[in-house]
Every structure is written in C-alpha cells, then in structure tokens.
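**Q** My structure is in coords_37.cif, and what it holds is mmCIF, C-alpha atoms:
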```cif
data_data
loop_
_atom_site.label_atom_id
_atom_site.label_comp_id
_atom_site.auth_asym_id
_atom_site.auth_seq_id
_atom_site.Cartn_x
_atom_site.Cartn_y
_atom_site.Cartn_z
CA MET A 1 24.39 5.21 -13.76
CA LEU A 2 21.72 5.79 -11.07
CA ALA A 3 19.97 2.58 -12.07
CA ILE A 4 23.26 0.64 -11.76
CA ARG A 5 23.98 2.06 -8.30
CA ARG A 6 20.44 1.28 -7.23
CA ARG A 7 20.72 -2.31 -8.42
CA GLU A 8 23.95 -2.65 -6.42
CA LEU A 9 22.12 -1.30 -3.36
CA VAL A 10 19.30 -3.82 -3.75
CA LEU A 11 21.75 -6.69 -4.19
CA GLY A 12 23.78 -5.47 -1.22
CA THR A 13 20.68 -5.46 0.95
CA VAL A 14 19.78 -8.99 -0.10
CA ALA A 15 23.32 -10.12 0.69
CA THR A 16 23.25 -8.42 4.10
CA PHE A 17 20.00 -10.14 4.95
CA LEU A 18 21.12 -13.56 3.78
CA MET A 19 24.27 -13.23 5.90
CA GLY A 20 22.17 -12.47 8.97
CA GLY A 21 21.76 -8.69 8.92
CA CYS A 22 18.46 -7.33 10.16
CA GLY A 23 18.44 -3.65 9.30
CA SER A 24 18.85 -0.64 11.53
CA ALA A 25 18.67 -1.16 15.27
CA GLN A 26 17.25 2.35 15.49
CA THR A 27 14.07 1.42 13.62
CA ALA A 28 11.82 0.67 16.58
CA THR A 29 13.09 3.63 18.59
CA ASP A 30 12.47 6.06 15.74
CA ALA A 31 8.95 4.80 15.22
CA ARG A 32 7.94 4.78 18.87
CA SER A 33 9.32 8.24 19.65
CA ALA A 34 7.14 9.92 17.01
CA GLN A 35 4.16 12.07 17.90
CA VAL A 36 1.31 10.75 15.78
CA HIS A 37 -1.89 12.65 15.15
CA ALA A 38 -5.16 11.30 16.52
CA ALA A 39 -7.11 8.59 14.73
CA THR A 40 -9.35 9.65 11.85
CA ALA A 41 -13.05 8.81 11.97
CA ILE A 42 -14.85 7.12 9.06
CA PRO A 43 -16.17 8.93 7.15
CA THR A 44 -13.74 11.73 7.82
CA THR A 45 -15.08 15.13 8.79
CA ALA A 46 -12.05 16.92 7.33
CA PRO A 47 -11.44 15.42 3.89
CA LEU A 48 -7.97 15.76 2.38
CA GLY A 49 -9.50 16.48 -1.02
CA GLN A 50 -11.28 19.65 0.00
CA GLY A 51 -10.34 22.40 -2.46
CA LYS A 52 -8.12 20.09 -4.55
CA ASP A 53 -8.52 19.39 -8.27
CA ARG A 54 -7.22 15.83 -8.71
CA ALA A 55 -6.99 13.05 -6.12
CA LEU A 56 -5.47 9.60 -6.58
CA VAL A 57 -6.52 6.65 -4.40
CA LEU A 58 -4.57 3.38 -4.62
CA GLY A 59 -5.76 0.23 -2.86
CA GLY A 60 -3.96 -2.85 -1.58
CA GLY A 61 -3.25 -6.33 -2.89
CA GLY A 62 0.20 -7.69 -2.01
CA GLU A 63 3.22 -8.04 -4.25
CA TYR A 64 0.93 -8.78 -7.18
CA PHE A 65 -0.87 -5.44 -6.93
CA ILE A 66 2.33 -3.44 -6.37
CA ALA A 67 3.55 -4.80 -9.69
CA TRP A 68 0.15 -4.37 -11.36
CA LEU A 69 -0.03 -0.71 -10.28
CA LEU A 70 3.47 -0.09 -11.62
CA GLY A 71 2.64 -1.72 -14.94
CA PHE A 72 -0.56 0.32 -15.12
CA ALA A 73 1.29 3.58 -14.38
CA ARG A 74 3.91 2.80 -17.02
CA GLY A 75 1.24 2.03 -19.60
CA LEU A 76 -0.60 5.27 -18.84
CA HIS A 77 2.63 7.23 -19.06
CA SER A 78 3.42 5.80 -22.49
CA ALA A 79 -0.06 6.92 -23.57
CA GLY A 80 0.54 10.46 -22.32
CA VAL A 81 -1.31 10.16 -19.00
CA SER A 82 0.62 11.04 -15.83
CA TYR A 83 -0.15 10.56 -12.17
CA ASP A 84 1.98 13.63 -11.45
CA LEU A 85 -1.10 15.86 -11.67
CA ALA A 86 -2.55 14.45 -8.44
CA GLU A 87 -2.62 17.04 -5.65
CA VAL A 88 -3.46 14.45 -3.00
CA ILE A 89 -2.49 10.78 -3.00
CA VAL A 90 -3.94 8.20 -0.61
CA GLY A 91 -2.24 4.80 -0.55
CA THR A 92 -3.18 1.67 1.35
CA SER A 93 -0.84 -1.32 1.66
CA ALA A 94 0.41 -2.01 -1.90
CA GLY A 95 -0.99 1.39 -2.84
CA ALA A 96 1.16 3.01 -0.15
CA VAL A 97 4.32 1.51 -1.65
CA VAL A 98 3.45 2.81 -5.11
CA GLY A 99 1.96 6.06 -3.81
CA THR A 100 5.17 7.14 -2.12
CA ALA A 101 7.10 6.47 -5.37
CA ILE A 102 4.59 8.62 -7.28
CA ALA A 103 4.90 11.43 -4.75
CA ALA A 104 8.71 11.25 -4.96
CA ASP A 105 8.69 11.08 -8.78
CA HIS A 106 10.53 7.75 -8.57
CA LEU A 107 8.08 5.44 -10.33
CA GLY A 108 10.72 4.50 -12.90
CA LEU A 109 13.20 3.43 -10.23
CA LEU A 110 10.61 1.39 -8.36
CA ARG A 111 9.58 -0.22 -11.63
CA GLY A 112 13.23 -1.13 -12.24
CA ASP A 113 13.40 -2.79 -8.82
CA LEU A 114 10.27 -4.81 -9.51
CA ASP A 115 11.55 -5.75 -12.97
CA PHE A 116 14.64 -7.15 -11.24
CA PHE A 117 12.67 -9.07 -8.60
CA GLY A 118 10.35 -10.31 -11.32
CA LEU A 119 13.36 -12.01 -12.90
CA PHE A 120 14.66 -13.28 -9.54
CA PRO A 121 11.56 -13.70 -7.34
CA LYS A 122 13.32 -16.00 -4.85
CA LEU A 123 15.54 -13.11 -3.74
CA LEU A 124 12.50 -11.06 -2.73
CA ALA A 125 10.83 -14.10 -1.16
CA ASP A 126 13.95 -14.69 0.97
CA LEU A 127 14.25 -11.04 1.98
CA VAL A 128 10.56 -10.48 2.76
CA PRO A 129 8.95 -13.89 3.41
CA THR A 130 5.17 -13.98 3.04
CA ARG A 131 4.49 -17.58 4.05
CA ALA A 132 2.17 -17.89 7.06
CA GLU A 133 3.57 -21.14 8.45
CA ASN A 134 3.40 -21.21 12.24
CA PRO A 135 0.08 -21.68 14.11
CA SER A 136 -0.05 -18.08 15.37
CA GLN A 137 0.27 -16.77 11.80
CA VAL A 138 -2.35 -19.16 10.50
CA ARG A 139 -4.68 -18.08 13.31
CA ALA A 140 -4.23 -14.38 12.50
CA ARG A 141 -4.92 -14.96 8.81
CA HIS A 142 -8.00 -17.03 9.67
CA VAL A 143 -9.40 -14.38 12.04
CA ALA A 144 -9.08 -11.73 9.32
CA GLU A 145 -10.58 -13.91 6.61
CA ALA A 146 -13.47 -15.04 8.85
CA ALA A 147 -14.62 -11.49 9.65
CA HIS A 148 -18.26 -10.95 8.68
CA ASP A 149 -18.91 -7.36 9.72
CA ALA A 150 -17.10 -4.02 9.97
CA SER A 151 -17.64 -3.36 13.67
CA LEU A 152 -14.83 -2.05 15.85
CA THR A 153 -15.09 -5.24 17.90
CA THR A 154 -14.37 -7.34 14.82
CA ILE A 155 -11.44 -5.15 13.77
CA GLN A 156 -10.05 -5.20 17.30
CA GLY A 157 -10.25 -9.01 17.19
CA ILE A 158 -8.16 -9.01 14.02
CA GLY A 159 -5.76 -6.61 15.72
CA ARG A 160 -5.35 -8.90 18.73
CA ALA A 161 -4.60 -11.84 16.43
CA ALA A 162 -2.10 -9.66 14.53
CA MET A 163 -0.33 -8.69 17.76
CA ALA A 164 -0.19 -12.34 18.88
CA ALA A 165 1.23 -13.65 15.59
CA HIS A 166 4.89 -14.65 15.56
CA ASP A 167 5.81 -12.99 12.25
CA PRO A 168 9.30 -12.41 10.81
CA SER A 169 11.03 -9.29 12.10
CA VAL A 170 9.44 -6.17 10.72
CA ARG A 171 12.89 -4.60 10.51
CA ASN A 172 13.63 -6.60 7.36
CA LEU A 173 10.49 -5.23 5.74
CA GLU A 174 11.34 -1.67 6.80
CA LEU A 175 14.82 -2.09 5.35
CA MET A 176 13.36 -3.16 2.02
CA ILE A 177 10.92 -0.24 2.01
CA ASP A 178 13.77 2.14 2.86
CA ILE A 179 15.38 1.07 -0.41
CA LEU A 180 12.21 1.02 -2.51
CA SER A 181 11.22 4.49 -1.28
CA LEU A 182 14.78 5.86 -1.70
CA GLY A 183 15.21 6.70 1.95
CA ARG A 184 13.17 7.65 4.98
CA SER A 185 12.31 11.28 4.19
CA TRP A 186 8.68 11.99 3.41
CA PRO A 187 8.49 12.53 -0.38
CA SER A 188 5.76 15.18 -0.44
CA PRO A 189 2.98 16.59 1.75
CA ARG A 190 0.46 15.36 -0.83
CA PHE A 191 1.11 11.68 0.04
CA HIS A 192 -0.89 9.94 2.79
CA ALA A 193 -0.64 6.32 3.95
CA THR A 194 -3.42 4.55 5.85
CA THR A 195 -3.00 2.05 8.65
CA THR A 196 -5.14 0.63 11.48
CA ASP A 197 -4.53 0.68 15.23
CA CYS A 198 -4.47 -2.99 16.31
CA TYR A 199 -5.72 -2.24 19.83
CA THR A 200 -8.49 0.30 19.22
CA GLY A 201 -9.45 -0.67 15.65
CA GLU A 202 -9.25 2.99 14.61
CA ARG A 203 -7.98 4.25 11.29
CA ILE A 204 -4.72 6.20 11.29
CA VAL A 205 -3.81 8.46 8.36
CA LEU A 206 -0.09 9.17 8.21
CA SER A 207 1.41 12.15 6.40
CA GLN A 208 4.46 14.38 6.43
CA ALA A 209 2.97 16.09 9.50
CA SER A 210 3.04 12.78 11.43
CA ASN A 211 6.81 13.09 11.97
CA VAL A 212 7.67 9.48 11.12
CA PRO A 213 9.96 8.14 8.38
CA VAL A 214 7.94 7.34 5.28
CA SER A 215 9.31 3.78 5.31
CA HIS A 216 7.74 3.25 8.76
CA ALA A 217 4.42 4.65 7.56
CA VAL A 218 4.42 2.39 4.50
CA CYS A 219 5.53 -0.59 6.61
CA ALA A 220 2.58 -0.01 8.95
CA SER A 221 0.22 0.21 5.98
CA VAL A 222 1.42 -3.16 4.60
CA SER A 223 1.56 -4.97 7.98
CA LEU A 224 -0.81 -7.77 7.03
CA PRO A 225 -1.94 -9.83 10.05
CA GLY A 226 -0.15 -13.15 10.13
CA VAL A 227 2.39 -12.10 7.51
CA PHE A 228 4.13 -8.82 8.44
CA GLY A 229 4.37 -6.67 11.56
CA PRO A 230 2.52 -5.18 13.30
CA THR A 231 4.50 -1.93 13.18
CA TRP A 232 4.97 0.63 15.94
CA ILE A 233 3.92 4.16 14.94
CA GLY A 234 4.32 6.43 17.94
CA ASP A 235 2.64 4.60 20.82
CA ARG A 236 0.29 2.71 18.51
CA LEU A 237 0.88 -0.78 17.19
CA CYS A 238 -0.50 -0.76 13.65
CA MET A 239 -1.60 -3.25 11.01
CA ASP A 240 -2.53 -3.18 7.33
CA GLY A 241 -4.68 -0.19 6.38
CA ALA A 242 -7.18 -2.47 4.62
CA MET A 243 -8.12 -4.07 7.98
CA CYS A 244 -10.71 -1.35 8.38
CA GLN A 245 -14.32 -0.40 7.64
CA THR A 246 -13.01 0.70 4.26
CA SER A 247 -10.25 -1.00 2.29
CA THR A 248 -9.71 1.93 -0.10
CA HIS A 249 -10.36 5.00 2.10
CA VAL A 250 -12.01 6.93 -0.73
CA ASP A 251 -13.84 9.10 1.83
CA LEU A 252 -10.53 10.86 2.56
CA VAL A 253 -10.58 12.64 -0.81
CA ALA A 254 -14.19 13.86 -0.70
CA GLY A 255 -14.45 17.41 -2.01
CA ALA A 256 -11.77 17.11 -4.68
CA LYS A 257 -12.97 17.97 -8.17
CA ARG A 258 -12.12 14.46 -9.41
CA ALA A 259 -10.72 11.27 -7.93
CA LEU A 260 -9.12 8.38 -9.78
CA VAL A 261 -9.46 5.17 -7.74
CA VAL A 262 -7.46 2.06 -8.65
CA ALA A 263 -8.24 -0.96 -6.49
CA LEU A 264 -9.04 -4.64 -6.25
CA THR A 265 -12.80 -4.78 -5.71
CA ASP A 266 -13.69 -8.49 -5.81
CA PRO A 267 -14.25 -9.64 -2.18
CA ALA A 268 -12.54 -12.95 -3.05
CA GLU A 269 -9.30 -11.06 -3.71
CA ARG A 270 -9.16 -9.29 -0.37
CA PHE A 271 -7.20 -10.38 2.70
CA SER A 272 -10.14 -10.02 5.10
CA GLY A 273 -13.83 -10.83 5.15
CA ILE A 274 -14.75 -7.32 6.36
CA PRO A 275 -17.62 -6.16 4.10
CA ASN A 276 -16.57 -3.33 1.81
CA ASP A 277 -18.99 -1.62 -0.55
CA ILE A 278 -16.83 0.36 -2.97
CA ASP A 279 -19.88 1.46 -4.96
CA GLN A 280 -21.42 3.03 -1.85
CA GLU A 281 -18.14 4.75 -1.00
CA LEU A 282 -17.94 6.24 -4.49
CA HIS A 283 -21.57 7.35 -4.26
CA ASP A 284 -20.91 9.08 -0.93
CA VAL A 285 -17.86 10.90 -2.32
CA GLU A 286 -19.77 11.94 -5.43
CA SER A 287 -22.50 13.34 -3.19
CA ALA A 288 -19.81 15.66 -1.81
CA GLY A 289 -19.19 16.97 -5.34
CA THR A 290 -16.32 14.75 -6.41
CA LYS A 291 -16.39 13.06 -9.82
CA THR A 292 -14.91 9.58 -9.61
CA LEU A 293 -13.44 7.03 -11.99
CA LEU A 294 -12.88 3.52 -10.66
CA ILE A 295 -10.41 1.17 -12.29
CA ALA A 296 -11.36 -2.19 -10.82
CA ALA A 297 -8.20 -4.22 -11.31
CA ASP A 298 -9.67 -7.66 -10.74
CA PRO A 299 -7.05 -10.21 -11.84
CA GLY A 300 -8.95 -13.43 -11.24
CA LYS A 301 -7.27 -16.31 -9.42
CA VAL A 302 -3.74 -15.23 -8.55
CA HIS A 303 -1.57 -15.54 -5.45
CA LEU A 304 -1.37 -11.91 -4.31
CA LEU A 305 1.58 -12.54 -1.97
CA ALA A 306 3.74 -14.60 -4.32
CA ALA A 307 6.89 -12.96 -5.66
CA ALA A 308 6.54 -15.22 -8.71
CA GLU A 309 3.45 -13.21 -9.71
CA ILE A 310 5.45 -9.98 -10.16
CA GLU A 311 6.42 -10.40 -13.79
CA PRO A 312 2.93 -11.39 -15.05
CA ALA A 313 1.40 -8.62 -12.92
CA LEU A 314 3.63 -5.98 -14.51
CA ARG A 315 2.43 -7.14 -17.93
CA ALA A 316 -1.22 -7.34 -16.87
CA GLY A 317 -1.18 -3.81 -15.47
CA HIS A 318 0.45 -2.43 -18.61
CA ASP A 319 -2.06 -4.22 -20.86
CA ARG A 320 -4.96 -2.86 -18.83
CA ALA A 321 -3.56 0.67 -19.10
CA MET A 322 -3.50 0.38 -22.87
CA ARG A 323 -7.21 -0.45 -22.80
CA GLU A 324 -8.11 2.29 -20.30
CA ALA A 325 -5.77 5.11 -21.40
CA ALA A 326 -8.31 7.09 -23.45
CA ARG A 327 -10.94 6.93 -20.69
CA VAL A 328 -8.48 7.88 -17.95
CA LYS A 329 -7.01 10.69 -20.05
CA ALA A 330 -10.44 12.18 -20.73
CA PHE A 331 -11.30 12.04 -17.02
CA TRP A 332 -7.94 13.23 -15.67
CA ALA A 333 -7.58 16.17 -18.06
CA SER A 334 -11.21 17.33 -18.18
#
```
Mind turning this structure into structure tokens?
**A**
Amino acid sequence: MLAIRRRELVLGTVATFLMGGCGSAQTATDARSAQVHAATAIPTTAPLGQGKDRALVLGGGGEYFIAWLLGFARGLHSAGVSYDLAEVIVGTSAGAVVGTAIAADHLGLLRGDLDFFGLFPKLLADLVPTRAENPSQVRARHVAEAAHDASLTTIQGIGRAAMAAHDPSVRNLELMIDILSLGRSWPSPRFHATTTDCYTGERIVLSQASNVPVSHAVCASVSLPGVFGPTWIGDRLCMDGAMCQTSTHVDLVAGAKRALVVALTDPAERFSGIPNDIDQELHDVESAGTKTLLIAADPGKVHLLAAAEIEPALRAGHDRAMREAARVKAFWAS
C-alpha cells in the first residue's frame, strides 16, 4: 500500500510540473535563513569517523550512479550484507541522494522510484532536465572540465561559472528530492552531505546540526555547474560537492575502524578536470588507522546524466554486488 501511495505521489509531482508548477515558494527562504557551520578544511582536523567502527563513503556520478548504487545495495542485501551497520555516512552528489535513503532506511522505496523512472525515463528527464543547452551552461561545463589543478583559484573559477549559468529552476530539483528522500527532515545524525561554496571554493559538510532541510542539503550536493543550481545554503551559494580538491571526501571518515568507499574513480568519468588521487586519499586515511575497501564502480562509456541509463545501471550495480559480496561481507563484518 505504501508503494502504491508513493507511486501516486511521484506521478502527481510529474503532473504538477508538466502543468507549470514549480514547487514550494518557501524553498529559497528556508535555505537562506539557516545558520550553517563554517567551512571544513581539507584534510579535516576533526574527522567524523573518530571513534566509529564502520564508515560508508559514496561518491558522485549523475543519474547513472544513483541507479548503480541502488542496484549494488540491493545485490549486497540479497547476499546478506547491509549498509545499515554504518555509523557514519558521507555522500557526495549521487552518493548524497542514496546516502540519505540509507540513513532513513528507505533504500527499498528509492529503488522503487528508480525502477519506475527506469521504465519511463522521459518523465524524469522532463521533471529534472540535465541538458546543458544555452551558452552560459555550456561555458560552466567547459570551465569545470578544463580544470587542471585543485587550487582554490581554480575551484572559485568553476564557482563563478556555476553562478553565471542560466540553469533550470533549482526548485524543481528540490521538489524531486523532497519526494525521493520522503520529506525534508534530516533522516539521522550519521548522514553527512558535501557541497562546495561557489564564491570561496571551500568545502561545506552538511549534517543534522546544520539546521537545513535534508532535501536542500542534497540539492546543494548535486548542483552540477551548468546543469543544476547553484543552491542557497544559509548565506552561501553552493555547487556540487565533487567540485573540490577531493571528489569523494574520504578524509572525513579518518579514524573509523573501517571504511567502505564506493565511487567512480576513472578521471574520464568525472564532471571536472580537477585532479583527484583516490589512492593517496585512501593511503592517508589508512595512516590514521582506518582499514579501507574501495569498490571502484567504473562503468566504461556511459552518459552519466541520461535518464535512459537508469535501467541498465540498476542491473550493472546488482551484478557487481554479486561479484563483490563475499569480499565486502568479510570486510564489513570483520
């Protein structure tokens, strides 16, 4: 019965959008009135993993990787491996969407939504368009992709291009995330979403203590320059959390006993040219006493932002979980 009501809600939202609705007029006010904690340095001096047993880190990768992560989680669950054991969850972009569902124990419902959109991808494409068509969007995408270092100046340049891009209203994206996350309440203090301040280039880590709706936090984390957003969080205008010196933010969980990291690691699959050395990040975290297991979900040539990729991504994630289940189980339960 819950699944039926949820499907009606999704369809109702699509209908509202197609008839010209644009979500809650209160969205921007809510986000800007929040008191957001200060930016977090990289590497962080106060890791979230300190004293924790299990940490889960989920990277970004568009609609494709949202679906892939859900397929992977479902495959692990069928093999007796659960993400529920994680005491701290860090999600970036696609990983923030899935991470909030994990923290809320609503993975099954989110998977049902993606199953539906996998069958009818045009509905999702109409609701949350990902085409970068006007010159300002193309420019923002180009600036991000042309980055060749991880300096604050480079990230600020991407942020300026993001702020100047004429993207579709972020309210439509927030409305969709409201539904996918089952509301605006923060699901658990263990969930953290990363985003990047467009103006300063600093990393922002959002949590229950940040006093913002979780849908706004996730929206900020997925605000890809030239595609979505940027998103107001307090008095900061924020873009995708992967537009940063680190695209996975593994340093945040240093000190945990073990950390499972699931991410796209091939530079060709990322949305920016900012150098990112995942192996070095894992080495640094391991030096702090954290055992790590990386699942490098490299799918090859796919369109990460295409709704049509959802159905094959769900299958690919599930198939990968079947191959990795024994290794993940041994690591997660040890």
**Q** Considering all atoms listed in the file, can you say which of A:Val214, A:Val143, A:Leu58, A:Ala73 comes closest to Val250 (chain A)?
**A**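 When distances to Val250 (chain A) are compared using all atoms listed in the file, the smallest one comes from A:Leu58.
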**Q** Taking 5 positions as the minimum chain separation for residues in the same chain, which residues sit within 10 Å of Leu206 (chain A) when counting all atoms listed in the file? Answer as a PDB file with C-alpha atoms, in the coordinates of the input.
**A**
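Just written: around19.pdb:
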```pdb
ATOM      1  CA  VAL A  36       1.310  10.750  15.780  1.00  0.00           C
ATOM      2  CA  HIS A  37      -1.890  12.650  15.150  1.00  0.00           C
ATOM      3  CA  ALA A  38      -5.160  11.300  16.520  1.00  0.00           C
ATOM      4  CA  ALA A  39      -7.110   8.590  14.730  1.00  0.00           C
ATOM      5  CA  THR A  40      -9.350   9.650  11.850  1.00  0.00           C
ATOM      6  CA  VAL A  90      -3.940   8.200  -0.610  1.00  0.00           C
ATOM      7  CA  PHE A 191       1.110  11.680   0.040  1.00  0.00           C
ATOM      8  CA  HIS A 192      -0.890   9.940   2.790  1.00  0.00           C
ATOM      9  CA  ALA A 193      -0.640   6.320   3.950  1.00  0.00           C
ATOM     10  CA  THR A 194      -3.420   4.550   5.850  1.00  0.00           C
ATOM     11  CA  THR A 195      -3.000   2.050   8.650  1.00  0.00           C
ATOM     12  CA  ASN A 211       6.810  13.090  11.970  1.00  0.00           C
ATOM     13  CA  VAL A 212       7.670   9.480  11.120  1.00  0.00           C
ATOM     14  CA  VAL A 214       7.940   7.340   5.280  1.00  0.00           C
ATOM     15  CA  HIS A 216       7.740   3.250   8.760  1.00  0.00           C
ATOM     16  CA  ALA A 217       4.420   4.650   7.560  1.00  0.00           C
ATOM     17  CA  VAL A 218       4.420   2.390   4.500  1.00  0.00           C
ATOM     18  CA  ALA A 220       2.580  -0.010   8.950  1.00  0.00           C
ATOM     19  CA  SER A 221       0.220   0.210   5.980  1.00  0.00           C
ATOM     20  CA  ILE A 233       3.920   4.160  14.940  1.00  0.00           C
TER      21      ILE A 233
END
```
**Q** Between CA of Ile155 (chain A) and CA of Trp232 (chain A), what is the distance, to one decimal in Å?
**A**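 Between CA of Ile155 (chain A) and CA of Trp232 (chain A) the gap works out to 17.5 Å.
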**Q** What is the CA of Leu252 (chain A)-CA of Gly51 (chain A) distance in Å, reported with one decimal?
**A**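 If I compute the distance from CA of Leu252 (chain A) to CA of Gly51 (chain A), I get 12.6 Å.
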**Q** Tell me which of A:Thr265, A:Asn134, A:Ser207, A:Thr45 sits closest to Ala96 (chain A), counting only C-alpha atoms.
**A**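 Using only C-alpha atoms, Ala96 (chain A) sits closest to A:Ser207.
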**Q** Which residue, A:Ile274, A:Ala162, A:Ala259, A:Leu114, has the smallest gap to Tyr64 (chain A) when you use all atoms listed in the file?
**A**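 Comparing A:Ile274, A:Ala162, A:Ala259, A:Leu114 against Tyr64 (chain A), the winner is A:Leu114.
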**Q** With distances taken over only C-alpha atoms, which residue among A:Ile42, A:Ala147, A:Ala140, A:Leu70 lies nearest Arg315 (chain A)?
**A**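 Between A:Ile42, A:Ala147, A:Ala140, A:Leu70, the residue approaching Arg315 (chain A) most closely is A:Leu70.
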**Q** Distance cut-off 10 Å, centre (-15.6, -8.4, 12.3) in file coordinates, counting only C-alpha atoms: which residues qualify? Return them as a PDB file with C-alpha atoms, in the coordinates of the input.
**A**
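File produced: point35.pdb:
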```pdb
ATOM      1  CA  VAL A 143      -9.400 -14.380  12.040  1.00  0.00           C
ATOM      2  CA  ALA A 144      -9.080 -11.730   9.320  1.00  0.00           C
ATOM      3  CA  GLU A 145     -10.580 -13.910   6.610  1.00  0.00           C
ATOM      4  CA  ALA A 146     -13.470 -15.040   8.850  1.00  0.00           C
ATOM      5  CA  ALA A 147     -14.620 -11.490   9.650  1.00  0.00           C
ATOM      6  CA  HIS A 148     -18.260 -10.950   8.680  1.00  0.00           C
ATOM      7  CA  ASP A 149     -18.910  -7.360   9.720  1.00  0.00           C
ATOM      8  CA  ALA A 150     -17.100  -4.020   9.970  1.00  0.00           C
ATOM      9  CA  SER A 151     -17.640  -3.360  13.670  1.00  0.00           C
ATOM     10  CA  LEU A 152     -14.830  -2.050  15.850  1.00  0.00           C
ATOM     11  CA  THR A 153     -15.090  -5.240  17.900  1.00  0.00           C
ATOM     12  CA  THR A 154     -14.370  -7.340  14.820  1.00  0.00           C
ATOM     13  CA  ILE A 155     -11.440  -5.150  13.770  1.00  0.00           C
ATOM     14  CA  GLN A 156     -10.050  -5.200  17.300  1.00  0.00           C
ATOM     15  CA  GLY A 157     -10.250  -9.010  17.190  1.00  0.00           C
ATOM     16  CA  ILE A 158      -8.160  -9.010  14.020  1.00  0.00           C
ATOM     17  CA  MET A 243      -8.120  -4.070   7.980  1.00  0.00           C
ATOM     18  CA  CYS A 244     -10.710  -1.350   8.380  1.00  0.00           C
ATOM     19  CA  GLN A 245     -14.320  -0.400   7.640  1.00  0.00           C
ATOM     20  CA  SER A 272     -10.140 -10.020   5.100  1.00  0.00           C
ATOM     21  CA  GLY A 273     -13.830 -10.830   5.150  1.00  0.00           C
ATOM     22  CA  ILE A 274     -14.750  -7.320   6.360  1.00  0.00           C
ATOM     23  CA  PRO A 275     -17.620  -6.160   4.100  1.00  0.00           C
TER      24      PRO A 275
END
```
**Q** Taking only C-alpha atoms into account, which of A:Ala67, A:Phe72, A:Val170, A:Val138 comes nearest Leu305 (chain A)?
**A**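 Checking each candidate against Leu305 (chain A), we get A:Ala67 as the closest.
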**Q** Could you tell me which residues the PyMOL selection byres ((chain A and resi 223) around 10) returns for this structure, as a PyMOL selection string?
**A** chain A and resi 93+162+170+173+195-196+218-222+224-231+238-243
**Q** Quick check, in Å to one decimal: how far apart do CA of His318 (chain A) and CA of Pro187 (chain A) lie?
**A**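 CA of Pro187 (chain A) lies at a distance of 24.9 Å from CA of His318 (chain A).
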**Q** Within 7 Å of Ala55 (chain A), counting only C-alpha atoms, which residues qualify if same-chain residues fewer than 5 places away don't, as a PyMOL selection string?
**A** chain A and resi 49+86-89+253+256+258-260
**Q** Could you tell me which residues the PyMOL selection byres ((chain A and resi 286-293) around 12) grabs in this file, written as number ranges by chain?
**A** A: 43, 45, 47, 49-57, 250-263, 278-285, 294-296, 324, 327-332, 334
**Q** Is there a way to get, as a PDB file with C-alpha atoms, in the frame of the given file, all residues within 7 Å of the point (-0.4, -16.2, 20.1) in file coordinates, counting all atoms listed in the file?
**A**
```pdb
ATOM      1  CA  SER A 136      -0.050 -18.080  15.370  1.00  0.00           C
ATOM      2  CA  ALA A 164      -0.190 -12.340  18.880  1.00  0.00           C
ATOM      3  CA  ALA A 165       1.230 -13.650  15.590  1.00  0.00           C
TER       4      ALA A 165
END
```
**Q** I'd like the residues picked by the PyMOL selection byres ((chain A and resi 103-110) around 7) written out as a list in words, using the chain letters and numbers from the file.
**A**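 Output of the PyMOL selection byres ((chain A and resi 103-110) around 7): Gly99, Thr100, Ala101, Ile102, Arg111, Gly112, Asp113, Leu114, Leu180, Pro187, Ser188 and Phe191 of chain A.
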**Q** Return the single residue from A:Pro299, A:Pro168, A:Pro312, A:Gly62 that is closest to Phe271 (chain A), with distances computed using all atoms listed in the file.
**A**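 Counting all atoms listed in the file, the residue closest to Phe271 (chain A) is A:Gly62.
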**Q** Please provide as a PyMOL selection string all residues within 12 Å of Lys301 (chain A), with the sequence filter that same-chain residues fewer than 4 positions apart are discarded (counting only C-alpha atoms).
**A** chain A and resi 64+266+268-270+309
